Amino acid sequence: MPKDGIGAPMKRREDLRFLAGDGRYTDDINLHGQAYVWFLRSDVAHGRITRLDTAAAAAMPGVLRVITAEDFAHAGGMITAWQVTNRDGTPQAEPKHPILAEGKVRHIGEPIAGVVAETLEQARDAAEAIELEIEELPAVVDMAAALAPGAPKLHEDIDSNLCFDWGFVDDNKAKVDAAFESAHHVTTLELVNNRCVANAMEPRAAIGLYDRPMDHYTLYTTSQNPHVIRLVMGTFTLQIPEHKLRVVAPDVGGGFGSKIYNYNEECFVTHAAKLVGRPVKWTATRSEAFISDAQGRDHVTKIQLALDKDGMFLAFRTETMANLGAYLRLFATVTPTYLHGPAAGGPYRTPVAHVHVKGVFTNTVPVDAYRGAGRPEGSYQLERVVDKAAREMGIDQAEIRRRNFVKPEEFPYQTPMAVVYDSGNYHATLDKLLELSDYAGFAKRRAESEARGKLRGFGFSTWVEASGLAPSRLIGALGARAGLYESATVRVNPTGGISVLTGTHSHGQGHETVFAQIVADKLGIDAGLVDIVHGDSDKTPFGMGTYGSRSAAVGGSAIAKATDKIIAKAKKIAAHLLEASDADIEVADGKFTVAGTDKAVDWATICLTAYVPHNYPMETLEPGLEETAFYDPANFVYPAGAYGCEVEVDPDTGAVTVMRFVAADDFGVVLNPVVVAGQQHGGIAQGISQALLEHTVYDESGQLVSGSLMDYAILRAGDVPGFTVDHSCVTRCEHNPLGVKGCGEAGAIGAPPAVVNAVVDALQAGGYGIKDIDMPLTPSRVWAAMHEG
Amino acid sequence: MYAFDFVRPKTVAEAVKALAAEDAQALGGGQTLIPTLKQRLAAPAVLVSLSGIAEMSGVSLSGGTLTIGGGTPHATVAKEARAAYPALAALAGGIGDPAVRSRGTIGGSLANNDPSACYPAAVLGSGATIVTDRREIAADDYFQGMFATALEPGEIITAVRFPVPEKAHYEKFAQPASRFALVGVFVARTGQGARVAVTGASADGVFRWAEAEKALSGGFSAAALAGLAPPTGDMISDLHGSAEYRAHLVKVLTGRAVAAA
């Protein structure tokens with residue numbers, strides 16, 4: 001194995017430029033003749049536009065054009081990528097999502113007009129001169145209120161505020177209800193999964209450029225998936241065919257899902273560049289990010305678990321309302337449905353289950369996938385109800401889980417939720433957790449905390465997710481309007497250096513390092529010979545981007561396949577040079593050797609021969625050394641883990657302190673342990689942040705009360721201890737060539753229930769019988785729960 | 001932000017003159033004003049920076065009085081007041097983050113009088129004196145409610161004089177997002193009795209908790225507070241905590257501050 005091959009703890013090469021301030025982000029790009037846009041956004045959550053007069057604004061200094069919905073009359077709305085089918089067989093409701101408000105506004109921050117001017121300050125000045133009158137309508141923020149008869153309706157062209165009414169798996173429903181009828185014990189829990197604002201460090205930005213002689217557009221944007229933007233924005237919304245549009249997503253500073261979607265502002269700058277004949281740039285302020293980036297989670301759920309007398313799970317069922325906000329973004333309807341239901345059964349062998357979700361429109365900022373996307377909501381509800389059931393039945397938290405786990409010998413395991421878990425060993429990760437967390441020593445630590453007047457609790461979370469999005473045939477049958485394969489081109493240069501062009505996109509994940517390791521490992525060459533190219537639709541083959549923990553499992557597999565093709569061709573070249581059969585050529589340490597001999601050619605010779613084909617089997621082989629592969633996975637991948645969180649609660653103030661956090665994960669084959677650990681750390685921090693701090697609050701009129709970082713709390717480094725992360729429990733993915741699962745979303749999925757279960761444990765041990773407590777567990781909420789009587 | 005003229009006087013006299021201009025606004029460290037300007041929530045014609053005035057900066061001890069120039073940044077107070085008045089230095093060192101502490105000034109904080117700011121608790125809890133370009137104002141007369149003070153238009157805080165108490169401590173419970181005080185309590189034992197000043201809790205801004213002062217003047221110990229009901233009054237209720245919770249925290253933090261003093 002080369003020193004930087006698969007499994008090597010290679011440091012992230014991209015960090016050299018990121019840490020030195022040399023990253024090149026969208027806002028760092030400035031084009032000749034660039035103009036700027038400032039958006040006039042709605043300051044009410046629901047209303048009818050009765051007057052929009054832009055004449056005075058258009059006459060302001062420096063203004064090039066004031067653009068309104070009329071300028072997008074030719075364009076369609078922004079689309080959603082998945083058609084969910086209702087329980088009665090009808091399709092989901094899909095109201096139009098216009099680029100600029102068309103006669104009506106439906107959430108705070110909805111863009112109404114954009115002023116393009118020579119400078120940003122001039123654009124902003126002119127935006128204030130737009131004469132706008134809105135007749136305010138009653139807003140609905142609460143989902144139950146939105147579904148109530150007579151509720152104010154957001155969209156005139158659909159029957160109600162219900163987007164979909166989805167059941168999974170509906171065929172299970174009768175069996176589930178029967179299991180509850182005969183159960184020894186039923187545990188019921190009502191909970192809220194709080195809405196989060198992604199708050200990527202880099203705010204969104206976009207620059208549109210139009211080349212009139214070539215009738216060609218370029219969009220620079222902060223995207224996780226430039227090809228997807230090119231397809232959905234170009235083809236469906238702006239009516240620009242793919243060959244006339246280039247989308248570039250350069251360095252991107254974090255996405256967490258919020259940079260998947262095609263946004264209003266991207267559509268705007270692309271078209272505005274043509275209208276004004278100048279490049280048009282927009283960079284969000286943090287305030288704009290709070291009211292225009294897609295938000296995450298926001299489920300209200302009732303979950304019930306049926307158990308027999310031994311604590312074996314017989315069935316579970318849920319009733320969920322999922323808040324979609326005012327409009328559908330790209331993954332809005334798949335997130336609370338097909339990204340939520342299939343893994344909602346967790347690592348347990350519960351025979352039957354049913355998940356029932358209603359998607360609801362409200363006068364709030366649109367909601368879409370956010371790190372984990374549907375799976376955190378699933379693991380949160382299940383792990384909390386398991387925790388509660390164990391308490392009610394007097395069974396140890398580790399024991400009730402162990403008793404119900406799918407057994408190692410039962411894989412592949414057909415779940416009642418339509419998917420097959422290909423591999424796993426949930427007992428191993430739980431054992432690893434108990435060992436690393438010194439669970440046996442917890443009682444002593446609790447006594448020590450109590451001596452200091454603090455309550456101490458230990459919370460478990462054992463989770464599994466379905467990620468590595470996604471097998472196209474399966475998702476197509478479930479309503480997806482796209483495939484979710486990935487592409488790679490391995491371009492070998494004449495002197496041996498390699499450019500790998502990938503359709504995935506790195507916005508913090510470390511692809512430039514890890515993908516190079518895959519190629520280096522297969523060829524036995526130094527990773528320094530391999531560069532990764534991503535983020536430019538003109539350079540990379542069509543690919544679906546990065547989200548859903550798919551880049552290693554799907555994108556990495558495409559790279560492995562393309563590299564295999566390179567090796568196959570290189571073997572033929574070597575066989576020719578060595579006068580042997582290509583079936584006898586072996587590859588190791590960058591050398592192509594005739595098996596059982598010392599006859600060999602090195603990598604450099606093969607590359608040069610491919611491009612200077614003087615001595616070359618021209619009759620049977622093309623010159624050059626470049627291969628492309630598309631890889632479509634046969635199944636999802638199913639990473640899993642066992643998490644333990646230990647907290648102290650200050651009974652005087654309700655303040656929660658995370659004392660220890662241990663994660664024992666099974667991610668399949670680990671490509672780079674330091675990159676994986678970094679993903680674990682980041683995901684866990686984000687999960688703890690949701691559990692303890694993050695809270696998106698709208699008042700009754702739809703105003704965003706937590707609209708800045710002065711009121712919206714995000715975890716800081718000092719809020720948590722160092723984490724203990726482990727990924728030594730490995731079961732290979734059985735269906736992809738690398739054996740990898742996924743690690744990007746793990747922490748955000750596994751951490752929140754561990755934190756909340758730990759707080760519940762601490763409070764119960766302290767004699768506080770907590771009935772309900774919802775995230776975020778802020779000091780005031782914990783204190784209130786302790787004193788609600 | 002909107003366009004404005006910017007002047008940077010070298011003396012208090014020049015600053016007073018500059019502030020006489022129409023729509024002139026004093027600029028201390030800018031930790032509140034600059035974000036406000038960036039949001040276009042204020043539109044002064046002239047910004048008069050007070051950060052270049054040497055006579056308004058510095059920390060000095062004379063007798064039992066610690067004097068801090070109105071333009072002194074929090075970081076300087078945290079460092080230079082440590083020996084003379086450790087409770088005050090610790091309070092200054094707990095405001096915001098290093099960037100805020102390097103720019104923000106005591107005069108700016110007191111002139112703004114944010115109901116959740118830390119310095120008002122120290123000033124009221126110490127019984128300090130606010131020195132301006134034209135007069136001296138006792139702390140008890142200075143704070144007049146949320147964002148309201150005794151300052152006249154154009155009046156500049158040139159210094160704050162703290163009588164150093166026998167014992168003091170500031171206990172802050174941070175609002176999780178802003179890290180301002182959700183509740184902060186400054187306690188001091190002085191020759192004239194105990195003082196207890198509370199910030200963050202009341203819609204009327206910083207206030208003295210009279211019942212606690214009375215109890216502590218009889219014996220400066222946490223036990224002396226045991227029988228007290230939490231303070232009443234116009235407690236703030238928002239997404240970070242109810243009025244009841246804030247009142248409860250006042251009592252908890254007062255006890256902790258006394259124990260730590």
# chains A, B, ... in the order shown; residues from 1 in each chain; ligands from 1
call {"tool": "interface_residues", "arguments": {"of": "chain A", "to": "chain B", "cutoff": "9 Å", "atoms": "only C-alpha atoms", "output": "list in words"}}
result
Glu121, Asp125, Asp652, Thr653, Leu693, Glu694, Val697, Val705, Ser706, Leu709, Met710, Asp711, Tyr712, Ala713, Ile714, Leu715, Thr778, Pro779, Ser780, Arg781, Trp783 and Ala784 of chain A
call {"tool": "residues_around", "arguments": {"residues": "Ala122 of chain B", "least_positions_apart": "2", "cutoff": "9 Å", "atoms": "only C-alpha atoms", "output": "list in words"}}
result
Ala87, Leu88, Leu91, Cys118, Tyr119, Pro120, Leu124, Gly125, Ser126, Gly127, Ala128, Phe162, Tyr170, Val185, Phe186, Val187 and Ala197 of chain B
call {"tool": "select_by_dssp", "arguments": {"residues": "segment 22-165 of chain B", "states": "helix (DSSP H, G or I)", "output": "PyMOL selection string"}}
result
chain B and resi 33-38+54-56+74-80+86-93+98-103+106-112+119-126+139-142
call {"tool": "select_by_dssp", "arguments": {"residues": "segment 596-693 of chain A", "states": "strand (DSSP E)", "output": "PyMOL selection string"}}
result
chain A and resi 600-602+626-631+640-649+656-666
call {"tool": "residues_around", "arguments": {"residues": "Thr132 of chain B", "least_positions_apart": "3", "cutoff": "8 Å", "atoms": "only C-alpha atoms", "output": "PyMOL selection string"}}
result
chain B and resi 135-137+155-159
call {"tool": "closest_residue", "arguments": {"among": "B:Gln144, B:Ser202, B:Gln192, B:Ser109", "to": "Gly96 of chain B", "atoms": "only C-alpha atoms"}}
result
B:Ser109
call {"tool": "decode", "arguments": {"residues": "segment 134-157 of chain B", "atoms": "N, CA and C atoms", "output": "PDB file, in the first residue's frame"}}
result
ATOM      1  N   ARG B 134     -19.215  67.881  31.784  1.00  0.00           N
ATOM      2  CA  ARG B 134     -19.802  69.051  32.431  1.00  0.00           C
ATOM      3  C   ARG B 134     -20.198  68.848  33.888  1.00  0.00           C
ATOM      4  N   ARG B 135     -20.178  67.615  34.395  1.00  0.00           N
ATOM      5  CA  ARG B 135     -20.653  67.396  35.775  1.00  0.00           C
ATOM      6  C   ARG B 135     -20.294  65.978  36.241  1.00  0.00           C
ATOM      7  N   GLU B 136     -20.673  65.718  37.499  1.00  0.00           N
ATOM      8  CA  GLU B 136     -20.532  64.372  38.044  1.00  0.00           C
ATOM      9  C   GLU B 136     -21.927  63.847  38.388  1.00  0.00           C
ATOM     10  N   ILE B 137     -22.183  62.574  38.085  1.00  0.00           N
ATOM     11  CA  ILE B 137     -23.507  61.997  38.315  1.00  0.00           C
ATOM     12  C   ILE B 137     -23.333  60.725  39.153  1.00  0.00           C
ATOM     13  N   ALA B 138     -24.035  60.662  40.256  1.00  0.00           N
ATOM     14  CA  ALA B 138     -23.998  59.447  41.078  1.00  0.00           C
ATOM     15  C   ALA B 138     -24.701  58.317  40.336  1.00  0.00           C
ATOM     16  N   ALA B 139     -24.182  57.106  40.494  1.00  0.00           N
ATOM     17  CA  ALA B 139     -24.767  55.953  39.793  1.00  0.00           C
ATOM     18  C   ALA B 139     -26.258  55.833  40.074  1.00  0.00           C
ATOM     19  N   ASP B 140     -26.653  56.119  41.313  1.00  0.00           N
ATOM     20  CA  ASP B 140     -28.069  55.981  41.670  1.00  0.00           C
ATOM     21  C   ASP B 140     -28.957  56.954  40.901  1.00  0.00           C
ATOM     22  N   ASP B 141     -28.349  58.016  40.379  1.00  0.00           N
ATOM     23  CA  ASP B 141     -29.141  58.984  39.606  1.00  0.00           C
ATOM     24  C   ASP B 141     -28.985  58.790  38.098  1.00  0.00           C
ATOM     25  N   TYR B 142     -28.011  57.972  37.733  1.00  0.00           N
ATOM     26  CA  TYR B 142     -27.631  57.911  36.310  1.00  0.00           C
ATOM     27  C   TYR B 142     -28.549  57.019  35.475  1.00  0.00           C
ATOM     28  N   PHE B 143     -28.836  55.821  35.979  1.00  0.00           N
ATOM     29  CA  PHE B 143     -29.589  54.839  35.165  1.00  0.00           C
ATOM     30  C   PHE B 143     -31.085  55.124  35.263  1.00  0.00           C
ATOM     31  N   GLN B 144     -31.715  55.346  34.115  1.00  0.00           N
ATOM     32  CA  GLN B 144     -33.113  55.781  34.139  1.00  0.00           C
ATOM     33  C   GLN B 144     -34.009  54.881  33.299  1.00  0.00           C
ATOM     34  N   GLY B 145     -33.663  53.609  33.249  1.00  0.00           N
ATOM     35  CA  GLY B 145     -34.497  52.659  32.490  1.00  0.00           C
ATOM     36  C   GLY B 145     -33.775  52.173  31.255  1.00  0.00           C
ATOM     37  N   MET B 146     -34.398  51.204  30.593  1.00  0.00           N
ATOM     38  CA  MET B 146     -33.797  50.555  29.433  1.00  0.00           C
ATOM     39  C   MET B 146     -33.325  51.581  28.392  1.00  0.00           C
ATOM     40  N   PHE B 147     -32.044  51.567  28.106  1.00  0.00           N
ATOM     41  CA  PHE B 147     -31.423  52.472  27.123  1.00  0.00           C
ATOM     42  C   PHE B 147     -31.613  53.950  27.477  1.00  0.00           C
ATOM     43  N   ALA B 148     -31.968  54.245  28.715  1.00  0.00           N
ATOM     44  CA  ALA B 148     -32.177  55.645  29.118  1.00  0.00           C
ATOM     45  C   ALA B 148     -31.222  55.986  30.264  1.00  0.00           C
ATOM     46  N   THR B 149     -30.599  57.180  30.163  1.00  0.00           N
ATOM     47  CA  THR B 149     -29.669  57.619  31.209  1.00  0.00           C
ATOM     48  C   THR B 149     -29.890  59.097  31.488  1.00  0.00           C
ATOM     49  N   ALA B 150     -29.148  59.603  32.481  1.00  0.00           N
ATOM     50  CA  ALA B 150     -29.244  61.013  32.827  1.00  0.00           C
ATOM     51  C   ALA B 150     -28.456  61.905  31.870  1.00  0.00           C
ATOM     52  N   LEU B 151     -27.764  61.298  30.914  1.00  0.00           N
ATOM     53  CA  LEU B 151     -26.937  62.106  30.002  1.00  0.00           C
ATOM     54  C   LEU B 151     -27.806  63.045  29.173  1.00  0.00           C
ATOM     55  N   GLU B 152     -27.290  64.269  28.983  1.00  0.00           N
ATOM     56  CA  GLU B 152     -27.951  65.225  28.099  1.00  0.00           C
ATOM     57  C   GLU B 152     -27.409  65.016  26.683  1.00  0.00           C
ATOM     58  N   PRO B 153     -28.118  65.529  25.697  1.00  0.00           N
ATOM     59  CA  PRO B 153     -27.595  65.407  24.336  1.00  0.00           C
ATOM     60  C   PRO B 153     -26.189  66.004  24.233  1.00  0.00           C
ATOM     61  N   GLY B 154     -25.296  65.272  23.647  1.00  0.00           N
ATOM     62  CA  GLY B 154     -23.940  65.778  23.453  1.00  0.00           C
ATOM     63  C   GLY B 154     -23.030  65.634  24.656  1.00  0.00           C
ATOM     64  N   GLU B 155     -23.530  65.112  25.757  1.00  0.00           N
ATOM     65  CA  GLU B 155     -22.722  64.967  26.970  1.00  0.00           C
ATOM     66  C   GLU B 155     -21.839  63.718  26.859  1.00  0.00           C
ATOM     67  N   ILE B 156     -20.605  63.827  27.263  1.00  0.00           N
ATOM     68  CA  ILE B 156     -19.635  62.743  27.084  1.00  0.00           C
ATOM     69  C   ILE B 156     -19.184  62.214  28.442  1.00  0.00           C
ATOM     70  N   ILE B 157     -19.190  60.901  28.602  1.00  0.00           N
ATOM     71  CA  ILE B 157     -18.634  60.295  29.818  1.00  0.00           C
ATOM     72  C   ILE B 157     -17.114  60.302  29.677  1.00  0.00           C
TER      73      ILE B 157
END
